[in-house]
file model.cif (mmCIF, N, CA and C atoms)
data_structure
loop_
_atom_site.label_atom_id
_atom_site.label_comp_id
_atom_site.auth_asym_id
_atom_site.auth_seq_id
_atom_site.Cartn_x
_atom_site.Cartn_y
_atom_site.Cartn_z
N MET L 737 -99.20 -46.54 73.77
CA MET L 737 -99.44 -46.00 72.44
C MET L 737 -100.92 -45.62 72.34
N GLN L 738 -101.17 -44.45 71.88
CA GLN L 738 -102.52 -43.96 71.69
C GLN L 738 -103.03 -44.38 70.30
N ASP L 739 -104.35 -44.51 70.18
CA ASP L 739 -104.93 -44.87 68.89
C ASP L 739 -104.94 -43.67 67.94
N GLU L 740 -105.44 -42.55 68.43
CA GLU L 740 -105.51 -41.34 67.61
C GLU L 740 -105.18 -40.14 68.45
N PRO L 741 -104.56 -39.16 67.95
CA PRO L 741 -104.01 -39.09 66.60
C PRO L 741 -102.76 -39.95 66.48
N THR L 742 -102.47 -40.34 65.24
CA THR L 742 -101.28 -41.14 64.99
C THR L 742 -100.04 -40.27 65.08
N THR L 743 -98.89 -40.90 65.15
CA THR L 743 -97.63 -40.16 65.18
C THR L 743 -97.52 -39.26 63.96
N THR L 744 -97.85 -39.78 62.81
CA THR L 744 -97.79 -39.01 61.57
C THR L 744 -98.73 -37.82 61.63
N GLU L 745 -99.93 -38.02 62.13
CA GLU L 745 -100.89 -36.91 62.24
C GLU L 745 -100.39 -35.83 63.19
N LEU L 746 -99.77 -36.24 64.28
CA LEU L 746 -99.24 -35.26 65.24
C LEU L 746 -98.12 -34.44 64.61
N ILE L 747 -97.20 -35.10 63.96
CA ILE L 747 -96.07 -34.40 63.35
C ILE L 747 -96.58 -33.45 62.26
N LYS L 748 -97.52 -33.93 61.44
CA LYS L 748 -98.07 -33.10 60.38
C LYS L 748 -98.80 -31.89 60.96
N ALA L 749 -99.53 -32.07 62.05
CA ALA L 749 -100.25 -30.96 62.67
C ALA L 749 -99.28 -29.90 63.18
N VAL L 750 -98.18 -30.32 63.79
CA VAL L 750 -97.18 -29.36 64.27
C VAL L 750 -96.55 -28.64 63.09
N ALA L 751 -96.17 -29.37 62.05
CA ALA L 751 -95.56 -28.74 60.87
C ALA L 751 -96.53 -27.75 60.23
N ASP L 752 -97.80 -28.12 60.10
CA ASP L 752 -98.79 -27.22 59.50
C ASP L 752 -98.99 -25.97 60.36
N PHE L 753 -99.04 -26.14 61.67
CA PHE L 753 -99.17 -24.99 62.57
C PHE L 753 -97.98 -24.04 62.41
N LEU L 754 -96.80 -24.59 62.44
CA LEU L 754 -95.60 -23.76 62.29
C LEU L 754 -95.59 -23.07 60.92
N ARG L 755 -95.93 -23.82 59.88
CA ARG L 755 -95.92 -23.29 58.51
C ARG L 755 -96.96 -22.19 58.32
N ASN L 756 -98.17 -22.40 58.83
CA ASN L 756 -99.28 -21.49 58.55
C ASN L 756 -99.45 -20.36 59.56
N GLU L 757 -99.08 -20.62 60.81
CA GLU L 757 -99.34 -19.62 61.86
C GLU L 757 -98.08 -18.88 62.32
N ILE L 758 -96.97 -19.57 62.37
CA ILE L 758 -95.77 -18.98 62.93
C ILE L 758 -94.82 -18.45 61.84
N ALA L 759 -94.59 -19.23 60.82
CA ALA L 759 -93.63 -18.84 59.77
C ALA L 759 -93.95 -17.49 59.12
N PRO L 760 -95.22 -17.15 58.89
CA PRO L 760 -95.47 -15.85 58.25
C PRO L 760 -95.02 -14.64 59.07
N VAL L 761 -94.85 -14.81 60.37
CA VAL L 761 -94.48 -13.65 61.19
C VAL L 761 -93.02 -13.67 61.63
N ILE L 762 -92.30 -14.75 61.35
CA ILE L 762 -90.89 -14.84 61.72
C ILE L 762 -90.05 -14.52 60.48
N LYS L 763 -89.15 -13.57 60.62
CA LYS L 763 -88.34 -13.14 59.47
C LYS L 763 -86.86 -13.39 59.74
N GLY L 764 -86.06 -13.16 58.73
CA GLY L 764 -84.62 -13.22 58.86
C GLY L 764 -84.10 -14.61 59.13
N HIS L 765 -82.99 -14.65 59.88
CA HIS L 765 -82.32 -15.92 60.15
C HIS L 765 -83.20 -16.87 60.96
N ASN L 766 -83.98 -16.34 61.90
CA ASN L 766 -84.88 -17.20 62.67
C ASN L 766 -85.97 -17.79 61.78
N GLY L 767 -86.42 -17.03 60.79
CA GLY L 767 -87.38 -17.56 59.83
C GLY L 767 -86.78 -18.69 59.02
N PHE L 768 -85.52 -18.53 58.63
CA PHE L 768 -84.82 -19.59 57.90
C PHE L 768 -84.73 -20.85 58.76
N LYS L 769 -84.30 -20.69 60.02
CA LYS L 769 -84.18 -21.85 60.90
C LYS L 769 -85.54 -22.51 61.12
N LEU L 770 -86.60 -21.71 61.19
CA LEU L 770 -87.94 -22.27 61.34
C LEU L 770 -88.32 -23.09 60.12
N ARG L 771 -88.02 -22.59 58.92
CA ARG L 771 -88.33 -23.34 57.69
C ARG L 771 -87.54 -24.64 57.63
N VAL L 772 -86.28 -24.62 58.10
CA VAL L 772 -85.49 -25.84 58.15
C VAL L 772 -86.17 -26.85 59.08
N GLY L 773 -86.65 -26.38 60.23
CA GLY L 773 -87.35 -27.27 61.16
C GLY L 773 -88.62 -27.84 60.56
N ILE L 774 -89.37 -27.01 59.87
CA ILE L 774 -90.61 -27.47 59.22
C ILE L 774 -90.27 -28.52 58.17
N ASN L 775 -89.23 -28.28 57.38
CA ASN L 775 -88.82 -29.26 56.37
C ASN L 775 -88.41 -30.58 57.03
N ALA L 776 -87.75 -30.52 58.17
CA ALA L 776 -87.36 -31.74 58.88
C ALA L 776 -88.60 -32.51 59.34
N LEU L 777 -89.61 -31.80 59.85
CA LEU L 777 -90.85 -32.46 60.26
C LEU L 777 -91.54 -33.11 59.06
N ASP L 778 -91.55 -32.41 57.93
CA ASP L 778 -92.15 -32.98 56.71
C ASP L 778 -91.39 -34.23 56.28
N LEU L 779 -90.07 -34.20 56.38
CA LEU L 779 -89.25 -35.35 56.03
C LEU L 779 -89.56 -36.54 56.93
N VAL L 780 -89.69 -36.31 58.22
CA VAL L 780 -90.01 -37.39 59.16
C VAL L 780 -91.38 -37.98 58.82
N THR L 781 -92.33 -37.14 58.47
CA THR L 781 -93.67 -37.61 58.09
C THR L 781 -93.58 -38.54 56.88
N ARG L 782 -92.80 -38.12 55.88
CA ARG L 782 -92.64 -38.97 54.68
C ARG L 782 -91.91 -40.26 55.02
N GLN L 783 -90.91 -40.19 55.90
CA GLN L 783 -90.20 -41.41 56.30
C GLN L 783 -91.15 -42.39 56.98
N LEU L 784 -91.99 -41.88 57.86
CA LEU L 784 -92.95 -42.76 58.55
C LEU L 784 -93.92 -43.40 57.55
N ALA L 785 -94.29 -42.66 56.52
CA ALA L 785 -95.27 -43.15 55.56
C ALA L 785 -94.66 -44.08 54.50
N LEU L 786 -93.41 -43.81 54.09
CA LEU L 786 -92.88 -44.49 52.92
C LEU L 786 -91.66 -45.38 53.15
N ALA L 787 -90.87 -45.08 54.14
CA ALA L 787 -89.56 -45.73 54.26
C ALA L 787 -89.66 -47.23 54.52
N GLU L 788 -90.59 -47.66 55.33
CA GLU L 788 -90.68 -49.09 55.65
C GLU L 788 -90.94 -49.93 54.40
N ALA L 789 -91.90 -49.50 53.59
CA ALA L 789 -92.20 -50.24 52.36
C ALA L 789 -91.03 -50.16 51.39
N GLY L 790 -90.42 -48.98 51.27
CA GLY L 790 -89.27 -48.84 50.38
C GLY L 790 -88.12 -49.72 50.80
N ASP L 791 -87.85 -49.78 52.11
CA ASP L 791 -86.78 -50.64 52.62
C ASP L 791 -87.08 -52.11 52.35
N ALA L 792 -88.33 -52.50 52.52
CA ALA L 792 -88.70 -53.91 52.31
C ALA L 792 -88.53 -54.31 50.84
N THR L 793 -88.96 -53.46 49.94
CA THR L 793 -88.81 -53.81 48.52
C THR L 793 -87.35 -53.74 48.08
N GLU L 794 -86.59 -52.80 48.66
CA GLU L 794 -85.16 -52.74 48.35
C GLU L 794 -84.46 -54.02 48.81
N ALA L 795 -84.77 -54.47 50.02
CA ALA L 795 -84.16 -55.69 50.55
C ALA L 795 -84.54 -56.90 49.68
N ALA L 796 -85.79 -56.96 49.24
CA ALA L 796 -86.22 -58.08 48.39
C ALA L 796 -85.47 -58.07 47.07
N ARG L 797 -85.29 -56.89 46.47
CA ARG L 797 -84.53 -56.80 45.22
C ARG L 797 -83.08 -57.23 45.44
N LEU L 798 -82.49 -56.77 46.54
CA LEU L 798 -81.10 -57.13 46.83
C LEU L 798 -80.94 -58.63 47.05
N LYS L 799 -81.88 -59.24 47.76
CA LYS L 799 -81.81 -60.69 48.00
C LYS L 799 -81.85 -61.43 46.68
N ALA L 800 -82.73 -61.00 45.78
CA ALA L 800 -82.82 -61.66 44.47
C ALA L 800 -81.56 -61.41 43.64
N LEU L 801 -81.07 -60.20 43.68
CA LEU L 801 -79.89 -59.83 42.90
C LEU L 801 -78.63 -60.55 43.38
N LEU L 802 -78.48 -60.65 44.70
CA LEU L 802 -77.27 -61.23 45.27
C LEU L 802 -77.39 -62.72 45.55
N GLY L 803 -78.62 -63.23 45.59
CA GLY L 803 -78.83 -64.62 45.96
C GLY L 803 -78.40 -64.88 47.39
N ALA L 804 -78.60 -63.89 48.24
CA ALA L 804 -78.17 -63.98 49.64
C ALA L 804 -79.26 -63.39 50.54
N ASP L 805 -79.12 -63.68 51.81
CA ASP L 805 -80.05 -63.15 52.80
C ASP L 805 -79.27 -62.27 53.76
N GLY L 806 -79.98 -61.39 54.45
CA GLY L 806 -79.34 -60.52 55.43
C GLY L 806 -80.18 -59.28 55.66
N THR L 807 -79.67 -58.43 56.52
CA THR L 807 -80.36 -57.16 56.77
C THR L 807 -80.12 -56.24 55.58
N LEU L 808 -80.88 -55.18 55.51
CA LEU L 808 -80.73 -54.22 54.42
C LEU L 808 -79.30 -53.66 54.40
N ILE L 809 -78.77 -53.34 55.55
CA ILE L 809 -77.41 -52.81 55.64
C ILE L 809 -76.39 -53.85 55.15
N GLU L 810 -76.56 -55.09 55.58
CA GLU L 810 -75.64 -56.15 55.15
C GLU L 810 -75.71 -56.38 53.64
N LEU L 811 -76.93 -56.38 53.11
CA LEU L 811 -77.10 -56.60 51.68
C LEU L 811 -76.50 -55.45 50.87
N ASN L 812 -76.72 -54.23 51.32
CA ASN L 812 -76.13 -53.09 50.62
C ASN L 812 -74.61 -53.13 50.69
N ARG L 813 -74.06 -53.52 51.83
CA ARG L 813 -72.62 -53.65 51.97
C ARG L 813 -72.09 -54.71 51.00
N ALA L 814 -72.79 -55.83 50.91
CA ALA L 814 -72.38 -56.90 50.00
C ALA L 814 -72.42 -56.42 48.55
N LEU L 815 -73.47 -55.71 48.18
CA LEU L 815 -73.56 -55.19 46.81
C LEU L 815 -72.43 -54.20 46.55
N SER L 816 -72.16 -53.32 47.50
CA SER L 816 -71.07 -52.35 47.34
C SER L 816 -69.74 -53.05 47.12
N GLU L 817 -69.50 -54.10 47.89
CA GLU L 817 -68.25 -54.85 47.75
C GLU L 817 -68.15 -55.51 46.39
N LYS L 818 -69.27 -56.05 45.91
CA LYS L 818 -69.26 -56.70 44.60
C LYS L 818 -69.05 -55.68 43.48
N ILE L 819 -69.62 -54.50 43.63
CA ILE L 819 -69.40 -53.44 42.63
C ILE L 819 -67.94 -53.01 42.67
N ALA L 820 -67.42 -52.78 43.88
CA ALA L 820 -66.02 -52.32 44.02
C ALA L 820 -65.03 -53.34 43.46
N SER L 821 -65.33 -54.62 43.61
CA SER L 821 -64.42 -55.66 43.12
C SER L 821 -64.59 -55.92 41.63
N GLY L 822 -65.64 -55.36 41.03
CA GLY L 822 -65.90 -55.59 39.61
C GLY L 822 -66.69 -56.85 39.33
N GLU L 823 -67.11 -57.52 40.41
CA GLU L 823 -67.88 -58.76 40.24
C GLU L 823 -69.24 -58.48 39.61
N VAL L 824 -69.82 -57.34 39.92
CA VAL L 824 -71.07 -56.91 39.26
C VAL L 824 -70.87 -55.50 38.74
N ASP L 825 -71.58 -55.19 37.66
CA ASP L 825 -71.54 -53.85 37.09
C ASP L 825 -72.89 -53.58 36.41
N LEU L 826 -72.97 -52.49 35.70
CA LEU L 826 -74.25 -52.11 35.10
C LEU L 826 -74.74 -53.07 34.02
N THR L 827 -73.91 -54.01 33.63
CA THR L 827 -74.38 -55.03 32.69
C THR L 827 -74.99 -56.23 33.41
N THR L 828 -74.87 -56.25 34.75
CA THR L 828 -75.44 -57.34 35.54
C THR L 828 -76.97 -57.23 35.50
N PRO L 829 -77.65 -58.30 35.07
CA PRO L 829 -79.11 -58.26 34.98
C PRO L 829 -79.74 -57.84 36.32
N GLY L 830 -80.62 -56.86 36.23
CA GLY L 830 -81.35 -56.39 37.40
C GLY L 830 -80.69 -55.27 38.17
N LEU L 831 -79.38 -55.09 38.02
CA LEU L 831 -78.70 -54.05 38.80
C LEU L 831 -79.13 -52.64 38.41
N PRO L 832 -79.14 -52.28 37.13
CA PRO L 832 -79.57 -50.91 36.81
C PRO L 832 -80.99 -50.60 37.31
N GLU L 833 -81.88 -51.56 37.15
CA GLU L 833 -83.26 -51.36 37.60
C GLU L 833 -83.32 -51.21 39.11
N HIS L 834 -82.54 -52.02 39.81
CA HIS L 834 -82.51 -51.92 41.27
C HIS L 834 -82.00 -50.56 41.71
N LEU L 835 -80.90 -50.11 41.13
CA LEU L 835 -80.33 -48.82 41.51
C LEU L 835 -81.28 -47.68 41.21
N TRP L 836 -81.95 -47.75 40.06
CA TRP L 836 -82.90 -46.69 39.69
C TRP L 836 -84.10 -46.67 40.65
N GLN L 837 -84.67 -47.83 40.93
CA GLN L 837 -85.83 -47.87 41.81
C GLN L 837 -85.47 -47.43 43.22
N THR L 838 -84.29 -47.84 43.69
CA THR L 838 -83.84 -47.42 45.02
C THR L 838 -83.70 -45.91 45.07
N THR L 839 -83.13 -45.33 44.04
CA THR L 839 -82.98 -43.88 43.97
C THR L 839 -84.35 -43.20 43.99
N MET L 840 -85.28 -43.70 43.20
CA MET L 840 -86.62 -43.10 43.15
C MET L 840 -87.32 -43.21 44.50
N ASP L 841 -87.19 -44.36 45.16
CA ASP L 841 -87.82 -44.54 46.47
C ASP L 841 -87.23 -43.58 47.50
N LYS L 842 -85.93 -43.37 47.45
CA LYS L 842 -85.28 -42.47 48.40
C LYS L 842 -85.65 -41.02 48.11
N LEU L 843 -85.76 -40.65 46.83
CA LEU L 843 -86.18 -39.30 46.49
C LEU L 843 -87.62 -39.03 46.92
N ALA L 844 -88.47 -40.04 46.88
CA ALA L 844 -89.87 -39.87 47.32
C ALA L 844 -89.91 -39.43 48.77
N VAL L 845 -88.97 -39.89 49.57
CA VAL L 845 -88.91 -39.52 50.99
C VAL L 845 -88.16 -38.21 51.16
N ASP L 846 -86.99 -38.12 50.56
CA ASP L 846 -86.09 -37.01 50.84
C ASP L 846 -86.39 -35.75 50.04
N GLN L 847 -86.68 -35.87 48.77
CA GLN L 847 -86.85 -34.69 47.89
C GLN L 847 -88.00 -34.88 46.90
N PRO L 848 -89.23 -35.03 47.38
CA PRO L 848 -90.35 -35.31 46.46
C PRO L 848 -90.67 -34.15 45.50
N ASN L 849 -90.14 -32.96 45.77
CA ASN L 849 -90.38 -31.82 44.88
C ASN L 849 -89.22 -31.55 43.93
N TYR L 850 -88.23 -32.42 43.95
CA TYR L 850 -87.08 -32.30 43.06
C TYR L 850 -87.58 -32.40 41.62
N ALA L 851 -87.20 -31.43 40.79
CA ALA L 851 -87.76 -31.33 39.43
C ALA L 851 -87.51 -32.60 38.61
N SER L 852 -86.31 -33.13 38.66
CA SER L 852 -86.00 -34.33 37.86
C SER L 852 -86.80 -35.53 38.35
N TYR L 853 -87.03 -35.62 39.65
CA TYR L 853 -87.85 -36.70 40.21
C TYR L 853 -89.28 -36.58 39.69
N LYS L 854 -89.82 -35.38 39.74
CA LYS L 854 -91.20 -35.17 39.25
C LYS L 854 -91.32 -35.50 37.77
N ARG L 855 -90.32 -35.09 36.98
CA ARG L 855 -90.35 -35.40 35.55
C ARG L 855 -90.36 -36.91 35.32
N GLU L 856 -89.56 -37.62 36.09
CA GLU L 856 -89.48 -39.08 35.93
C GLU L 856 -90.80 -39.74 36.30
N LEU L 857 -91.49 -39.22 37.31
CA LEU L 857 -92.79 -39.78 37.69
C LEU L 857 -93.83 -39.59 36.60
N GLU L 858 -93.70 -38.53 35.81
CA GLU L 858 -94.65 -38.24 34.75
C GLU L 858 -94.51 -39.18 33.56
N LYS L 859 -93.35 -39.86 33.46
CA LYS L 859 -93.11 -40.77 32.32
C LYS L 859 -93.98 -41.99 32.41
#

call {"tool": "encode", "arguments": {"input": "model.cif", "output": "structure tokens"}}
result
Amino acid sequence: MQDEPTTTELIKAVADFLRNEIAPVIKGHNGFKLRVGINALDLVTRQLALAEAGDATEAARLKALLGADGTLIELNRALSEKIASGEVDLTTPGLPEHLWQTTMDKLAVDQPNYASYKRELEK
């Protein structure tokens, strides 16, 4: 592993190069495919920056909500099962807040320019 540049810096540099130097001259369907690739690189950059912390806080909320321990996948599966069985619902203390925060954390990675997400951040 190299110290610098970081993985995030490398991915961002490639995305910026493609966006600023290559995308302006590529048109049509190949231009579209290039923009899709650039968006994927931007998404990976956000995942590297935000996903670990988001996953950790999501797991902590789930542990508190369920009173159980496990991996994030196991905890989400357990919550899904409890919702499906009717054992928990939106009247369960902490569940609406957990679902909302999880949604916001995922949008920060996946769709940070989504209009409704931006409006919610302004509140």

call {"tool": "resolve_selection", "arguments": {"input": "model.cif", "expression": "the PyMOL selection byres (((chain L and resi 838-844 and name CA) around 8) and name CA)", "output": "NGL selection string"}}
result
:L and (782 or 786-787 or 790 or 794 or 834-837 or 845-848 or 850 or 853)

call {"tool": "write_last_selection", "arguments": {"input": "model.cif", "atoms": "N, CA and C atoms", "output": "PDB file, in the frame of the given file"}}
result
ATOM      1  N   ARG L 782     -92.800 -38.120  55.880  1.00  0.00           N
ATOM      2  CA  ARG L 782     -92.640 -38.970  54.680  1.00  0.00           C
ATOM      3  C   ARG L 782     -91.910 -40.260  55.020  1.00  0.00           C
ATOM      4  N   LEU L 786     -93.410 -43.810  54.090  1.00  0.00           N
ATOM      5  CA  LEU L 786     -92.880 -44.490  52.920  1.00  0.00           C
ATOM      6  C   LEU L 786     -91.660 -45.380  53.150  1.00  0.00           C
ATOM      7  N   ALA L 787     -90.870 -45.080  54.140  1.00  0.00           N
ATOM      8  CA  ALA L 787     -89.560 -45.730  54.260  1.00  0.00           C
ATOM      9  C   ALA L 787     -89.660 -47.230  54.520  1.00  0.00           C
ATOM     10  N   GLY L 790     -90.420 -48.980  51.270  1.00  0.00           N
ATOM     11  CA  GLY L 790     -89.270 -48.840  50.380  1.00  0.00           C
ATOM     12  C   GLY L 790     -88.120 -49.720  50.800  1.00  0.00           C
ATOM     13  N   GLU L 794     -86.590 -52.800  48.660  1.00  0.00           N
ATOM     14  CA  GLU L 794     -85.160 -52.740  48.350  1.00  0.00           C
ATOM     15  C   GLU L 794     -84.460 -54.020  48.810  1.00  0.00           C
ATOM     16  N   HIS L 834     -82.540 -52.020  39.810  1.00  0.00           N
ATOM     17  CA  HIS L 834     -82.510 -51.920  41.270  1.00  0.00           C
ATOM     18  C   HIS L 834     -82.000 -50.560  41.710  1.00  0.00           C
ATOM     19  N   LEU L 835     -80.900 -50.110  41.130  1.00  0.00           N
ATOM     20  CA  LEU L 835     -80.330 -48.820  41.510  1.00  0.00           C
ATOM     21  C   LEU L 835     -81.280 -47.680  41.210  1.00  0.00           C
ATOM     22  N   TRP L 836     -81.950 -47.750  40.060  1.00  0.00           N
ATOM     23  CA  TRP L 836     -82.900 -46.690  39.690  1.00  0.00           C
ATOM     24  C   TRP L 836     -84.100 -46.670  40.650  1.00  0.00           C
ATOM     25  N   GLN L 837     -84.670 -47.830  40.930  1.00  0.00           N
ATOM     26  CA  GLN L 837     -85.830 -47.870  41.810  1.00  0.00           C
ATOM     27  C   GLN L 837     -85.470 -47.430  43.220  1.00  0.00           C
ATOM     28  N   VAL L 845     -88.970 -39.890  49.570  1.00  0.00           N
ATOM     29  CA  VAL L 845     -88.910 -39.520  50.990  1.00  0.00           C
ATOM     30  C   VAL L 845     -88.160 -38.210  51.160  1.00  0.00           C
ATOM     31  N   ASP L 846     -86.990 -38.120  50.560  1.00  0.00           N
ATOM     32  CA  ASP L 846     -86.090 -37.010  50.840  1.00  0.00           C
ATOM     33  C   ASP L 846     -86.390 -35.750  50.040  1.00  0.00           C
ATOM     34  N   GLN L 847     -86.680 -35.870  48.770  1.00  0.00           N
ATOM     35  CA  GLN L 847     -86.850 -34.690  47.890  1.00  0.00           C
ATOM     36  C   GLN L 847     -88.000 -34.880  46.900  1.00  0.00           C
ATOM     37  N   PRO L 848     -89.230 -35.030  47.380  1.00  0.00           N
ATOM     38  CA  PRO L 848     -90.350 -35.310  46.460  1.00  0.00           C
ATOM     39  C   PRO L 848     -90.670 -34.150  45.500  1.00  0.00           C
ATOM     40  N   TYR L 850     -88.230 -32.420  43.950  1.00  0.00           N
ATOM     41  CA  TYR L 850     -87.080 -32.300  43.060  1.00  0.00           C
ATOM     42  C   TYR L 850     -87.580 -32.400  41.620  1.00  0.00           C
ATOM     43  N   TYR L 853     -87.030 -35.620  39.650  1.00  0.00           N
ATOM     44  CA  TYR L 853     -87.850 -36.700  40.210  1.00  0.00           C
ATOM     45  C   TYR L 853     -89.280 -36.580  39.690  1.00  0.00           C
TER      46      TYR L 853
END

call {"tool": "atom_distance", "arguments": {"input": "model.cif", "atom1": "atom C of Lys769 (chain L)", "atom2": "atom C of Arg755 (chain L)"}}
result
11.8 Å

call {"tool": "atom_distance", "arguments": {"input": "model.cif", "atom1": "atom N of Ala749 (chain L)", "atom2": "atom C of Gly773 (chain L)"}}
result
11.8 Å

call {"tool": "atom_distance", "arguments": {"input": "model.cif", "atom1": "CA of Thr744 (chain L)", "atom2": "CA of Ala785 (chain L)"}}
result
7.7 Å

call {"tool": "residues_around", "arguments": {"input": "model.cif", "residues": "Thr807 (chain L)", "least_positions_apart": "4", "cutoff": "6.5 Å", "atoms": "all atoms listed in the file", "output": "short mmCIF file (atom, residue, chain, number, x, y, z; two decimals) with N, CA and C atoms, in the frame of the given file"}}
result
data_model
loop_
_atom_site.label_atom_id
_atom_site.label_comp_id
_atom_site.auth_asym_id
_atom_site.auth_seq_id
_atom_site.Cartn_x
_atom_site.Cartn_y
_atom_site.Cartn_z
N ALA L 795 -84.77 -54.47 50.02
CA ALA L 795 -84.16 -55.69 50.55
C ALA L 795 -84.54 -56.90 49.68
N LEU L 811 -76.93 -56.38 53.11
CA LEU L 811 -77.10 -56.60 51.68
C LEU L 811 -76.50 -55.45 50.87
N ASN L 812 -76.72 -54.23 51.32
CA ASN L 812 -76.13 -53.09 50.62
C ASN L 812 -74.61 -53.13 50.69
#

call {"tool": "select_by_dssp", "arguments": {"input": "model.cif", "residues": "chain L", "states": "alpha helix (DSSP H)", "output": "number ranges by chain"}}
result
L: 743-753, 764-782, 788-802, 808-821, 831-846, 851-858
